[in-house]
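**Student:** Pasting run-v5.csv below, which is CSV, C-alpha atoms and all ligand atoms.
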```
chain,number,residue,atom,x,y,z
A,1,MET,CA,0.0,0.0,0.0
A,2,ARG,CA,1.4,3.3,-1.0
A,3,ARG,CA,2.3,5.8,1.7
A,4,GLY,CA,-0.6,8.2,1.6
A,5,VAL,CA,-0.5,12.0,1.7
A,6,MET,CA,-2.1,11.9,5.2
A,7,ALA,CA,0.9,10.1,6.7
A,8,GLY,CA,2.3,12.4,9.4
A,9,ARG,CA,6.1,12.8,8.9
A,10,PHE,CA,8.4,15.1,10.7
A,11,ALA,CA,11.7,16.5,9.7
A,12,SER,CA,14.6,16.2,12.1
A,13,SER,CA,14.3,19.9,12.8
A,14,GLY,CA,10.8,19.6,14.1
A,15,THR,CA,9.1,21.1,11.1
A,16,ALA,CA,5.9,19.2,10.7
A,17,LEU,CA,5.9,18.4,7.0
A,18,ASP,CA,2.2,17.4,7.3
A,19,GLN,CA,1.3,21.0,7.9
A,20,PHE,CA,2.0,21.6,4.2
A,21,TRP,CA,-0.9,21.1,1.8
A,22,ARG,CA,0.3,23.2,-1.1
A,23,VAL,CA,3.7,22.9,-2.7
A,24,GLU,CA,4.3,26.7,-2.6
A,25,GLU,CA,3.9,26.7,1.2
A,26,LEU,CA,7.3,25.1,1.5
A,27,GLU,CA,9.2,28.0,-0.2
A,28,ALA,CA,9.3,30.6,2.5
A,29,PRO,CA,10.2,28.3,5.4
A,30,ALA,CA,12.9,26.6,3.2
A,31,ARG,CA,14.5,29.9,2.3
A,32,GLU,CA,14.5,31.0,5.9
A,33,ARG,CA,16.4,27.9,6.9
A,34,LEU,CA,19.2,28.3,4.4
A,35,ALA,CA,22.3,30.5,4.5
A,36,ALA,CA,21.6,33.7,2.6
A,37,ALA,CA,24.0,32.8,-0.2
A,38,THR,CA,22.4,29.4,-0.7
A,39,ALA,CA,18.9,30.9,-0.6
A,40,GLU,CA,20.0,33.3,-3.3
A,41,PHE,CA,21.5,30.6,-5.4
A,42,LEU,CA,18.3,28.6,-5.1
A,43,SER,CA,15.9,31.4,-6.0
A,44,GLY,CA,18.0,33.9,-8.0
A,45,VAL,CA,17.1,34.6,-11.6
A,46,PRO,CA,18.5,37.0,-14.2
A,47,GLY,CA,17.0,40.3,-15.2
A,48,ASP,CA,13.5,41.1,-14.1
A,49,GLY,CA,12.5,37.5,-13.5
A,50,ARG,CA,10.0,37.8,-16.4
A,51,THR,CA,10.5,34.2,-17.5
A,52,LEU,CA,10.1,33.0,-13.9
A,53,SER,CA,6.8,34.8,-13.8
A,54,ALA,CA,5.8,33.8,-17.3
A,55,ASN,CA,6.2,30.1,-16.4
A,56,ARG,CA,3.6,30.4,-13.6
A,57,ALA,CA,1.3,32.7,-15.5
A,58,ALA,CA,1.1,30.3,-18.5
A,59,PHE,CA,-0.8,27.7,-16.3
A,60,ALA,CA,-3.4,30.2,-15.3
A,61,ARG,CA,-4.3,30.8,-19.0
A,62,TRP,CA,-5.9,27.4,-19.2
A,63,GLN,CA,-9.2,26.2,-17.8
A,64,PHE,CA,-10.7,22.8,-17.6
A,65,GLU,CA,-13.9,21.6,-19.2
A,66,PRO,CA,-14.5,18.4,-17.2
A,67,HIS,CA,-16.5,15.4,-18.2
A,68,VAL,CA,-19.1,14.1,-15.7
A,69,LEU,CA,-20.6,10.6,-15.3
A,70,VAL,CA,-17.4,8.8,-16.1
A,71,ASP,CA,-16.4,5.8,-14.0
A,72,VAL,CA,-13.4,7.1,-12.1
A,73,SER,CA,-13.3,4.5,-9.4
A,74,LEU,CA,-9.9,3.2,-10.7
A,75,ARG,CA,-7.4,6.0,-11.4
A,76,ASP,CA,-4.1,5.2,-12.9
A,77,LEU,CA,-1.4,7.8,-12.8
A,78,SER,CA,1.4,5.6,-14.2
A,79,THR,CA,3.2,6.0,-17.5
A,80,THR,CA,6.5,5.1,-19.0
A,81,VAL,CA,9.4,7.4,-19.9
A,82,LEU,CA,11.9,6.0,-22.4
A,83,GLY,CA,10.4,2.6,-21.6
A,84,GLN,CA,10.9,2.9,-17.9
A,85,ARG,CA,7.6,2.7,-15.9
A,86,ILE,CA,7.0,5.4,-13.4
A,87,GLU,CA,4.0,5.6,-11.0
A,88,LEU,CA,3.2,9.2,-11.5
A,89,PRO,CA,4.1,11.6,-14.4
A,90,VAL,CA,6.4,13.8,-12.3
A,91,MET,CA,10.2,13.5,-12.2
A,92,ILE,CA,12.8,15.4,-10.3
A,93,ALA,CA,14.6,18.0,-12.5
A,94,PRO,CA,18.4,18.1,-12.3
A,95,SER,CA,19.8,20.8,-10.0
A,96,ALA,CA,23.3,21.4,-8.7
A,97,LEU,CA,24.7,20.4,-5.3
A,98,HIS,CA,21.9,18.9,-3.2
A,99,ARG,CA,24.2,18.9,-0.2
A,100,LEU,CA,23.6,22.6,0.1
A,101,TYR,CA,20.1,21.8,1.3
A,102,HIS,CA,20.6,18.6,3.3
A,103,PRO,CA,23.5,16.5,4.3
A,104,ASP,CA,22.1,13.5,2.5
A,105,GLY,CA,21.9,15.5,-0.7
A,106,GLU,CA,21.1,13.6,-3.9
A,107,LEU,CA,20.9,10.3,-2.0
A,108,ALA,CA,17.8,11.7,-0.2
A,109,THR,CA,16.4,13.0,-3.5
A,110,ALA,CA,16.9,9.7,-5.3
A,111,ARG,CA,15.4,7.7,-2.4
A,112,ALA,CA,12.3,9.9,-2.2
A,113,ALA,CA,11.8,9.7,-5.9
A,114,ALA,CA,12.0,5.9,-5.9
A,115,ALA,CA,9.7,5.7,-2.8
A,116,ALA,CA,7.1,7.7,-4.8
A,117,GLY,CA,7.7,5.4,-7.8
A,118,THR,CA,9.5,7.9,-10.0
A,119,LEU,CA,13.0,8.9,-11.1
A,120,ALA,CA,15.3,11.8,-10.6
A,121,VAL,CA,17.5,13.4,-13.2
A,122,ILE,CA,21.0,13.9,-11.5
A,123,SER,CA,23.0,17.0,-12.4
A,124,THR,CA,26.6,17.0,-13.6
A,125,SER,CA,27.1,19.1,-10.5
A,126,SER,CA,25.9,16.3,-8.2
A,127,SER,CA,27.4,16.5,-4.7
A,128,TYR,CA,27.4,12.7,-4.4
A,129,PRO,CA,29.1,10.2,-6.6
A,130,LEU,CA,26.9,8.9,-9.4
A,131,GLU,CA,27.4,5.3,-8.3
A,132,ASP,CA,26.0,6.0,-4.8
A,133,VAL,CA,23.1,8.0,-6.2
A,134,ARG,CA,22.3,5.1,-8.5
A,135,ALA,CA,22.2,2.7,-5.6
A,136,ALA,CA,20.0,5.0,-3.6
A,137,ALA,CA,17.5,5.1,-6.5
A,138,ALA,CA,16.8,1.4,-6.2
A,139,ASP,CA,14.4,0.3,-9.0
A,140,PHE,CA,14.1,3.7,-10.6
A,141,ALA,CA,17.2,4.3,-12.7
A,142,PRO,CA,18.0,8.0,-12.8
A,143,TRP,CA,18.9,10.0,-15.9
A,144,PHE,CA,22.2,11.8,-16.0
A,145,GLN,CA,22.1,15.5,-16.8
A,146,LEU,CA,25.2,16.4,-18.8
A,147,TYR,CA,26.8,19.7,-19.0
A,148,TRP,CA,29.1,19.2,-22.0
A,149,VAL,CA,32.3,20.8,-20.8
A,150,SER,CA,34.9,22.3,-23.0
A,151,ASP,CA,37.3,19.4,-22.2
A,152,ARG,CA,36.0,16.6,-24.5
A,153,GLU,CA,37.8,13.9,-22.5
A,154,MET,CA,36.0,15.1,-19.4
A,155,THR,CA,32.7,14.9,-21.2
A,156,ARG,CA,33.5,11.4,-22.4
A,157,TYR,CA,34.5,10.5,-18.9
A,158,LEU,CA,31.2,11.7,-17.4
A,159,VAL,CA,29.0,9.9,-20.0
A,160,GLU,CA,30.9,6.6,-19.7
A,161,ARG,CA,30.8,6.8,-15.9
A,162,ALA,CA,27.0,7.4,-15.9
A,163,HIS,CA,26.5,4.5,-18.3
A,164,ALA,CA,28.7,2.2,-16.2
A,165,ALA,CA,26.9,3.3,-13.0
A,166,GLY,CA,23.5,2.2,-14.5
A,167,PHE,CA,21.9,5.5,-15.4
A,168,ALA,CA,19.0,5.1,-17.9
A,169,ALA,CA,19.6,8.1,-20.1
A,170,ILE,CA,21.8,11.0,-21.0
A,171,CYS,CA,20.0,14.4,-20.7
A,172,LEU,CA,22.1,17.1,-22.4
A,173,THR,CA,21.3,20.6,-21.2
A,174,VAL,CA,21.4,22.9,-24.2
A,175,ASP,CA,20.2,26.2,-22.8
A,176,ALA,CA,23.3,27.1,-20.9
A,177,ALA,CA,26.1,27.5,-23.5
A,178,VAL,CA,27.3,30.7,-21.7
A,179,PRO,CA,26.7,31.9,-18.2
A,180,SER,CA,23.5,33.7,-17.5
A,181,TRP,CA,23.7,37.4,-16.4
A,182,ARG,CA,22.6,36.9,-12.8
A,183,GLU,CA,23.4,40.1,-11.1
A,184,HIS,CA,23.5,38.7,-7.6
A,185,GLU,CA,26.0,36.1,-8.6
A,186,LEU,CA,28.1,38.7,-10.5
A,187,ARG,CA,28.2,40.9,-7.4
A,188,ALA,CA,28.9,38.1,-5.0
A,189,PRO,CA,30.1,34.9,-6.8
A,190,PHE,CA,28.7,31.8,-5.1
A,191,VAL,CA,31.3,30.1,-3.0
A,192,PHE,CA,30.9,26.3,-2.2
A,193,PRO,CA,30.5,25.9,1.5
A,194,ASP,CA,33.0,23.5,3.2
A,195,GLY,CA,32.2,19.8,2.4
A,196,VAL,CA,30.1,20.6,-0.6
A,197,ILE,CA,31.8,19.6,-3.9
A,198,GLN,CA,31.0,18.5,-7.4
A,199,ALA,CA,31.7,14.9,-6.6
A,200,ASN,CA,31.9,13.7,-10.2
A,201,LEU,CA,34.2,16.4,-11.7
A,202,PRO,CA,37.8,15.7,-10.9
A,203,GLY,CA,39.8,18.9,-10.9
A,204,GLY,CA,36.9,21.1,-9.9
A,205,PRO,CA,34.4,23.2,-11.9
A,206,HIS,CA,34.8,23.1,-15.7
A,207,VAL,CA,33.8,25.6,-18.4
A,208,HIS,CA,30.8,24.7,-20.6
A,209,ALA,CA,31.5,24.1,-24.3
A,210,THR,CA,30.3,27.1,-26.3
A,211,ASP,CA,30.8,25.6,-29.8
A,212,LEU,CA,28.3,22.8,-29.8
A,213,THR,CA,26.0,22.4,-32.8
A,214,TRP,CA,23.5,19.8,-34.0
A,215,GLU,CA,26.4,18.0,-35.6
A,216,SER,CA,28.0,17.5,-32.2
A,217,LEU,CA,25.3,15.1,-31.1
A,218,ALA,CA,26.7,12.2,-33.2
A,219,TRP,CA,29.9,12.1,-31.1
A,220,LEU,CA,27.9,12.2,-27.9
A,221,ARG,CA,25.7,9.3,-29.1
A,222,SER,CA,28.9,7.3,-30.0
A,223,LEU,CA,30.0,7.4,-26.3
A,224,SER,CA,27.2,5.2,-25.0
A,225,PRO,CA,24.2,3.2,-26.1
A,226,LEU,CA,22.0,5.3,-23.7
A,227,PRO,CA,19.0,7.2,-25.0
A,228,LEU,CA,19.6,10.9,-25.5
A,229,VAL,CA,17.3,13.6,-24.1
A,230,LEU,CA,17.8,17.3,-24.8
A,231,LYS,CA,16.8,19.7,-22.1
A,232,GLY,CA,16.1,23.3,-22.8
A,233,VAL,CA,14.4,23.3,-26.2
A,234,LEU,CA,11.7,26.0,-26.7
A,235,ARG,CA,11.2,26.2,-30.5
A,236,VAL,CA,9.3,24.1,-32.9
A,237,ASP,CA,12.1,24.2,-35.5
A,238,ASP,CA,14.7,23.1,-33.0
A,239,ALA,CA,12.4,20.3,-31.8
A,240,ARG,CA,12.0,19.1,-35.4
A,241,ARG,CA,15.8,19.2,-35.8
A,242,ALA,CA,16.1,17.1,-32.6
A,243,VAL,CA,13.9,14.5,-34.1
A,244,GLU,CA,15.9,14.5,-37.4
A,245,HIS,CA,19.1,14.0,-35.3
A,246,GLY,CA,17.6,10.9,-33.6
A,247,VAL,CA,17.1,12.4,-30.2
A,248,ASP,CA,14.9,10.2,-28.0
A,249,GLY,CA,13.1,12.8,-25.9
A,250,LEU,CA,12.9,16.5,-25.2
A,251,ILE,CA,12.5,18.5,-22.0
A,252,VAL,CA,10.8,21.6,-23.1
A,253,SER,CA,12.3,24.1,-20.6
A,254,ASN,CA,13.7,27.5,-20.0
A,255,HIS,CA,15.7,26.3,-17.0
A,256,GLY,CA,13.1,27.6,-14.6
A,257,GLY,CA,13.8,31.2,-15.8
A,258,ARG,CA,17.4,31.0,-14.7
A,259,GLN,CA,19.1,31.4,-18.1
A,260,LEU,CA,17.7,33.9,-20.7
A,261,ASP,CA,15.3,36.3,-19.1
A,262,GLY,CA,12.5,37.1,-21.5
A,263,SER,CA,12.2,33.6,-22.9
A,264,ILE,CA,8.7,32.3,-23.5
A,265,ALA,CA,7.0,30.2,-20.8
A,266,SER,CA,7.8,26.5,-20.9
A,267,LEU,CA,4.1,25.6,-21.0
A,268,ASP,CA,3.5,27.7,-24.1
A,269,ALA,CA,6.5,26.2,-25.8
A,270,LEU,CA,5.2,22.7,-24.9
A,271,ALA,CA,1.8,23.4,-26.5
A,272,ALA,CA,3.4,24.6,-29.7
A,273,VAL,CA,6.0,21.8,-29.9
A,274,ALA,CA,3.5,19.0,-29.1
A,275,GLU,CA,1.1,20.2,-31.7
A,276,ALA,CA,3.9,20.4,-34.4
A,277,LEU,CA,5.5,17.0,-33.5
A,278,ASP,CA,2.3,15.1,-33.0
A,279,GLY,CA,3.7,12.3,-30.9
A,280,SER,CA,6.9,11.6,-32.9
A,281,ILE,CA,9.1,11.8,-29.8
A,282,GLU,CA,8.6,11.8,-26.0
A,283,LEU,CA,8.0,15.3,-24.7
A,284,TYR,CA,8.5,16.4,-21.1
A,285,MET,CA,8.4,19.9,-19.6
A,286,ASP,CA,9.6,21.8,-16.6
A,287,GLY,CA,9.2,25.3,-15.2
A,288,GLY,CA,6.6,26.5,-12.8
A,289,VAL,CA,4.9,23.2,-12.0
A,290,ARG,CA,3.5,23.6,-8.5
A,291,SER,CA,0.3,21.6,-8.3
A,292,GLY,CA,-1.4,18.4,-9.5
A,293,SER,CA,-3.6,20.6,-11.7
A,294,ASP,CA,-0.5,22.0,-13.3
A,295,VAL,CA,0.6,18.5,-14.1
A,296,ALA,CA,-2.8,17.7,-15.6
A,297,VAL,CA,-2.6,20.8,-17.8
A,298,ALA,CA,0.9,19.9,-19.1
A,299,VAL,CA,-0.1,16.3,-19.8
A,300,ALA,CA,-3.3,17.5,-21.6
A,301,LEU,CA,-1.1,19.7,-23.7
A,302,GLY,CA,1.2,16.8,-24.7
A,303,ALA,CA,3.8,16.2,-21.9
A,304,ARG,CA,4.4,12.6,-21.1
A,305,ALA,CA,5.7,13.7,-17.7
A,306,VAL,CA,6.8,16.9,-16.0
A,307,LEU,CA,9.7,17.7,-13.8
A,308,ILE,CA,10.0,19.8,-10.7
A,309,GLY,CA,13.1,21.8,-9.8
A,310,ARG,CA,12.8,24.2,-6.9
A,311,PRO,CA,9.9,22.4,-5.1
A,312,ALA,CA,12.1,19.3,-4.6
A,313,LEU,CA,14.8,21.6,-3.2
A,314,TRP,CA,12.4,23.2,-0.7
A,315,GLY,CA,11.3,19.8,0.4
A,316,LEU,CA,14.9,18.6,0.7
A,317,THR,CA,15.8,21.7,2.8
A,318,LEU,CA,12.9,21.1,5.2
A,319,GLY,CA,13.1,17.4,5.7
A,320,GLY,CA,15.6,15.6,3.5
A,321,GLU,CA,14.1,12.5,2.0
A,322,ALA,CA,10.8,13.0,3.9
A,323,GLY,CA,10.6,16.6,2.6
A,324,VAL,CA,11.0,15.6,-1.0
A,325,ALA,CA,8.5,12.7,-0.4
A,326,ARG,CA,6.0,15.2,0.9
A,327,VAL,CA,6.2,17.4,-2.2
A,328,LEU,CA,5.7,14.3,-4.4
A,329,ALA,CA,2.9,13.1,-2.3
A,330,LEU,CA,1.1,16.5,-2.5
A,331,LEU,CA,1.5,16.5,-6.3
A,332,ARG,CA,0.3,12.9,-6.5
A,333,GLY,CA,-2.8,13.5,-4.3
A,334,GLN,CA,-3.7,16.7,-6.2
A,335,LEU,CA,-3.3,15.0,-9.6
A,336,ASP,CA,-5.3,12.0,-8.5
A,337,SER,CA,-8.1,14.4,-7.4
A,338,ALA,CA,-7.9,16.5,-10.6
A,339,MET,CA,-8.1,13.4,-12.8
A,340,GLY,CA,-11.1,12.1,-10.9
A,341,LEU,CA,-12.9,15.4,-11.2
A,342,LEU,CA,-12.0,15.8,-14.8
A,343,GLY,CA,-13.5,12.4,-15.7
A,344,ALA,CA,-10.1,11.4,-17.0
A,345,PRO,CA,-9.0,8.4,-14.9
A,346,THR,CA,-5.8,7.6,-16.9
A,347,LEU,CA,-3.1,9.7,-18.4
A,348,PRO,CA,-4.0,8.9,-22.0
A,349,SER,CA,-7.6,10.1,-21.3
A,350,LEU,CA,-6.2,13.4,-20.2
A,351,THR,CA,-6.6,14.9,-23.6
A,352,ARG,CA,-6.3,18.4,-25.1
A,353,ASP,CA,-10.1,18.8,-25.5
A,354,LEU,CA,-10.4,19.0,-21.7
A,355,LEU,CA,-8.7,22.4,-21.8
A,356,ARG,CA,-9.7,25.8,-23.2
A,357,PRO,CA,-8.0,29.1,-23.0
A,358,ALA,CA,-9.1,31.1,-20.0
B,1,LIG,C1,19.2,25.9,-7.8
B,1,LIG,C2,19.0,25.3,-9.1
B,1,LIG,C3,20.0,24.6,-9.8
B,1,LIG,C4,19.9,24.1,-11.0
B,1,LIG,N1,20.9,23.4,-11.6
B,1,LIG,C5,20.7,22.8,-12.8
B,1,LIG,C6,21.7,21.9,-13.4
B,1,LIG,O1,22.7,21.7,-12.8
B,1,LIG,N2,21.5,21.4,-14.6
B,1,LIG,C7,20.3,21.7,-15.3
B,1,LIG,O2,20.1,21.2,-16.4
B,1,LIG,N3,19.3,22.4,-14.8
B,1,LIG,C8,19.5,23.0,-13.6
B,1,LIG,N4,18.5,23.7,-13.0
B,1,LIG,C9,17.2,23.9,-13.8
B,1,LIG,C10,16.2,22.8,-13.4
B,1,LIG,O3,16.6,21.5,-13.9
B,1,LIG,C11,14.8,23.0,-14.0
B,1,LIG,O4,14.9,23.3,-15.4
B,1,LIG,C12,14.0,24.2,-13.3
B,1,LIG,O5,14.4,24.3,-12.0
B,1,LIG,C13,12.5,23.9,-13.5
B,1,LIG,O6,11.8,25.0,-13.0
B,1,LIG,P1,11.1,25.0,-11.5
B,1,LIG,O7,12.2,25.2,-10.6
B,1,LIG,O8,10.1,26.1,-11.7
B,1,LIG,O9,10.4,23.7,-11.3
B,1,LIG,C14,18.6,24.2,-11.7
B,1,LIG,C15,17.6,24.9,-11.1
B,1,LIG,C16,17.7,25.4,-9.8
B,1,LIG,C17,16.6,26.1,-9.1
```
Turn the structure described in the file into structure tokens.
Ligand SMILES: Cc1cc2nc3c(=O)[nH]c(=O)nc-3n(C[C@H](O)[C@H](O)[C@H](O)COP(=O)(O)O)c2cc1C
**Tutor:**
Amino acid sequence: MRRGVMAGRFASSGTALDQFWRVEELEAPARERLAAATAEFLSGVPGDGRTLSANRAAFARWQFEPHVLVDVSLRDLSTTVLGQRIELPVMIAPSALHRLYHPDGELATARAAAAAGTLAVISTSSSYPLEDVRAAAADFAPWFQLYWVSDREMTRYLVERAHAAGFAAICLTVDAAVPSWREHELRAPFVFPDGVIQANLPGGPHVHATDLTWESLAWLRSLSPLPLVLKGVLRVDDARRAVEHGVDGLIVSNHGGRQLDGSIASLDALAAVAEALDGSIELYMDGGVRSGSDVAVAVALGARAVLIGRPALWGLTLGGEAGVARVLALLRGQLDSAMGLLGAPTLPSLTRDLLRPA
């Protein structure tokens, strides 16, 4: 029997996780608990934060037109991503250095994901070794998020190591060729606290390659037999090019508004890309997903699954594994409720015609 959303669970600090019933309620207490520089690293965005706001606003521009008198007594939230079964269409987005938020870092994240029946995408900047994170993830093989660094041999090393460790896919982030102009980081460069390291990058931080093109993907594919996902695609023509180049999946994403401020909302990009590609490749999205209804909207617009970035880190901060588990349990409970009330008891029945522009 799955651990229900009602199960009372407490973080070691005494924060009652079961006081939280909306994902966004975790943000303020999490930020309060963190050192100022870490809170800034977690929340900081470039420019005016227009893309951050746009990601949220895009969800509010859709309304549901629910079916009634549908048998919803059996609701099935499961799907597959690149052939791997997950119990709910929510994965954990890759983010750097989980030890900043909790001593168990990515181990806690991977355990919470697996306990909820889903997978985590683990960053190149993971603060735990890939092998240990893979073991913590039990039956839910994580994906490895690759930052293609300027040193090709280091890129090869990372991919081969992820493959050997048993990761299920390579997820190349393509929206971060150069550093984003984040004023707070320019003013006060983020310094890793003692004990927090990029555990898989010998020799410390590496510069991202700035000369990648579509032609570069062939070399990447030659390094391992793992499926390749691109993260950070927003345009229909780029999505088509990805299909032409044999990419296996796309995460439609603007990096949570952390890279190019002024970029379009991920959800709007998803709608356009899904319509144009018409099922030829698996599509996922991230950016601004904060509720089960948000997940339902994204699935109805064509996402096979969504990913959550900051919400997982708020949970990690407040309760380690239990905190991430709480966030996933809230999303699961809300999605289950939304699907029942929509008359769409399975993910394939969550179709585009259930939505109309607000
Ligand atoms: C603190 C932080 C660090 C991140 N680090 C990475 C990273 O190392 N690699 C990557 O591809 N994306 C990274 N991201 C972006 C996330 O994968 C994801 O695209 C974004 O957080 C989704 O938006 P959301 O936070 O609104 O859910 C990071 C995001 C945050 C908030």
**Student:** Need the shell around region 268-273 of chain A: protein/DNA/RNA residues with any atom at most 9 Å away, counting all atoms listed in the file. Skip same-chain ones fewer than 6 positions apart. Format as a tab-separated table (two decimals) with C-alpha atoms, in the coordinates of the input?
**Tutor:**
```tsv
chain	number	residue	atom	x	y	z
A	55	ASN	CA	6.20	30.10	-16.40
A	58	ALA	CA	1.10	30.30	-18.50
A	59	PHE	CA	-0.80	27.70	-16.30
A	233	VAL	CA	14.40	23.30	-26.20
A	234	LEU	CA	11.70	26.00	-26.70
A	235	ARG	CA	11.20	26.20	-30.50
A	236	VAL	CA	9.30	24.10	-32.90
A	237	ASP	CA	12.10	24.20	-35.50
A	239	ALA	CA	12.40	20.30	-31.80
A	240	ARG	CA	12.00	19.10	-35.40
A	251	ILE	CA	12.50	18.50	-22.00
A	252	VAL	CA	10.80	21.60	-23.10
A	253	SER	CA	12.30	24.10	-20.60
A	283	LEU	CA	8.00	15.30	-24.70
A	284	TYR	CA	8.50	16.40	-21.10
A	285	MET	CA	8.40	19.90	-19.60
A	298	ALA	CA	0.90	19.90	-19.10
A	301	LEU	CA	-1.10	19.70	-23.70
A	302	GLY	CA	1.20	16.80	-24.70
A	303	ALA	CA	3.80	16.20	-21.90
```
**Student:** Could you pull out the residues sitting within 7 Å of ligand LIG 1 (chain B), using all atoms listed in the file, and write them as number ranges by chain?
**Tutor:** A: 41-43, 93-96, 123-125, 145, 173, 231, 253-256, 286-289, 307-311
**Student:** Separation of CA of Ala165 (chain A) and CA of Ala312 (chain A), in Å?
**Tutor:**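 Separation between CA of Ala165 (chain A) and CA of Ala312 (chain A): 23.4 Å.
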**Student:** Taking only C-alpha atoms into account, name the residue in A:Ala344, A:Val45, A:Ala36, A:Leu130 that is nearest to Ala164 (chain A).
**Tutor:**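 Nearest candidate to Ala164 (chain A) out of A:Ala344, A:Val45, A:Ala36, A:Leu130: A:Leu130.
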**Student:** Distance table requested - region 55-116 of chain A against region 321-336 of chain A, cut-off 8 Å, only C-alpha atoms: one row per qualifying residue with the closest atom pair and its distance in Å to one decimal, ordered by chain and rising residue number, as a tab-separated table.
**Tutor:**
```
residue	atom	partner	partner_atom	distance
A:Arg75	CA	A:Asp336	CA	7.0
A:Leu77	CA	A:Asp336	CA	7.2
A:Leu88	CA	A:Arg332	CA	6.9
A:Val90	CA	A:Leu328	CA	7.9
A:Ala108	CA	A:Glu321	CA	4.4
A:Thr109	CA	A:Glu321	CA	6.0
A:Arg111	CA	A:Glu321	CA	6.6
A:Ala112	CA	A:Ala325	CA	5.1
A:Ala113	CA	A:Ala325	CA	7.1
A:Ala115	CA	A:Ala325	CA	7.5
A:Ala116	CA	A:Leu328	CA	6.8
```
**Student:** Looking at all atoms listed in the file, which of A:Val68, A:Ala60, A:Ala39, A:Leu212 is the one that sits closest to Val297 (chain A)?
**Tutor:** A:Ala60
**Student:** CA of Glu244 (chain A) to CA of Glu153 (chain A): how many Å, to one decimal?
**Tutor:**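 If I compute the distance from CA of Glu244 (chain A) to CA of Glu153 (chain A), I get 26.5 Å.
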**Student:** Point out the residue among A:Val23, A:Ala37, A:Ile197, A:Leu220 with the least atom-to-atom distance to His184 (chain A), counting all atoms listed in the file.
**Tutor:** A:Ala37
**Student:** Tell me, in Å to one decimal, how far CA of Ala110 (chain A) is from CA of Leu316 (chain A).
**Tutor:** 10.9 Å
**Student:** Calculated over all atoms listed in the file, which of the candidates A:His102, A:Arg50, A:His206, A:Arg182 has the smallest distance to Arg152 (chain A)?
**Tutor:** A:His206
**Student:** When you count all atoms listed in the file, which of these residues is closest to Gly343 (chain A): A:Ser263, A:Asn200, A:Ile170, A:Ala296?
**Tutor:** A:Ala296
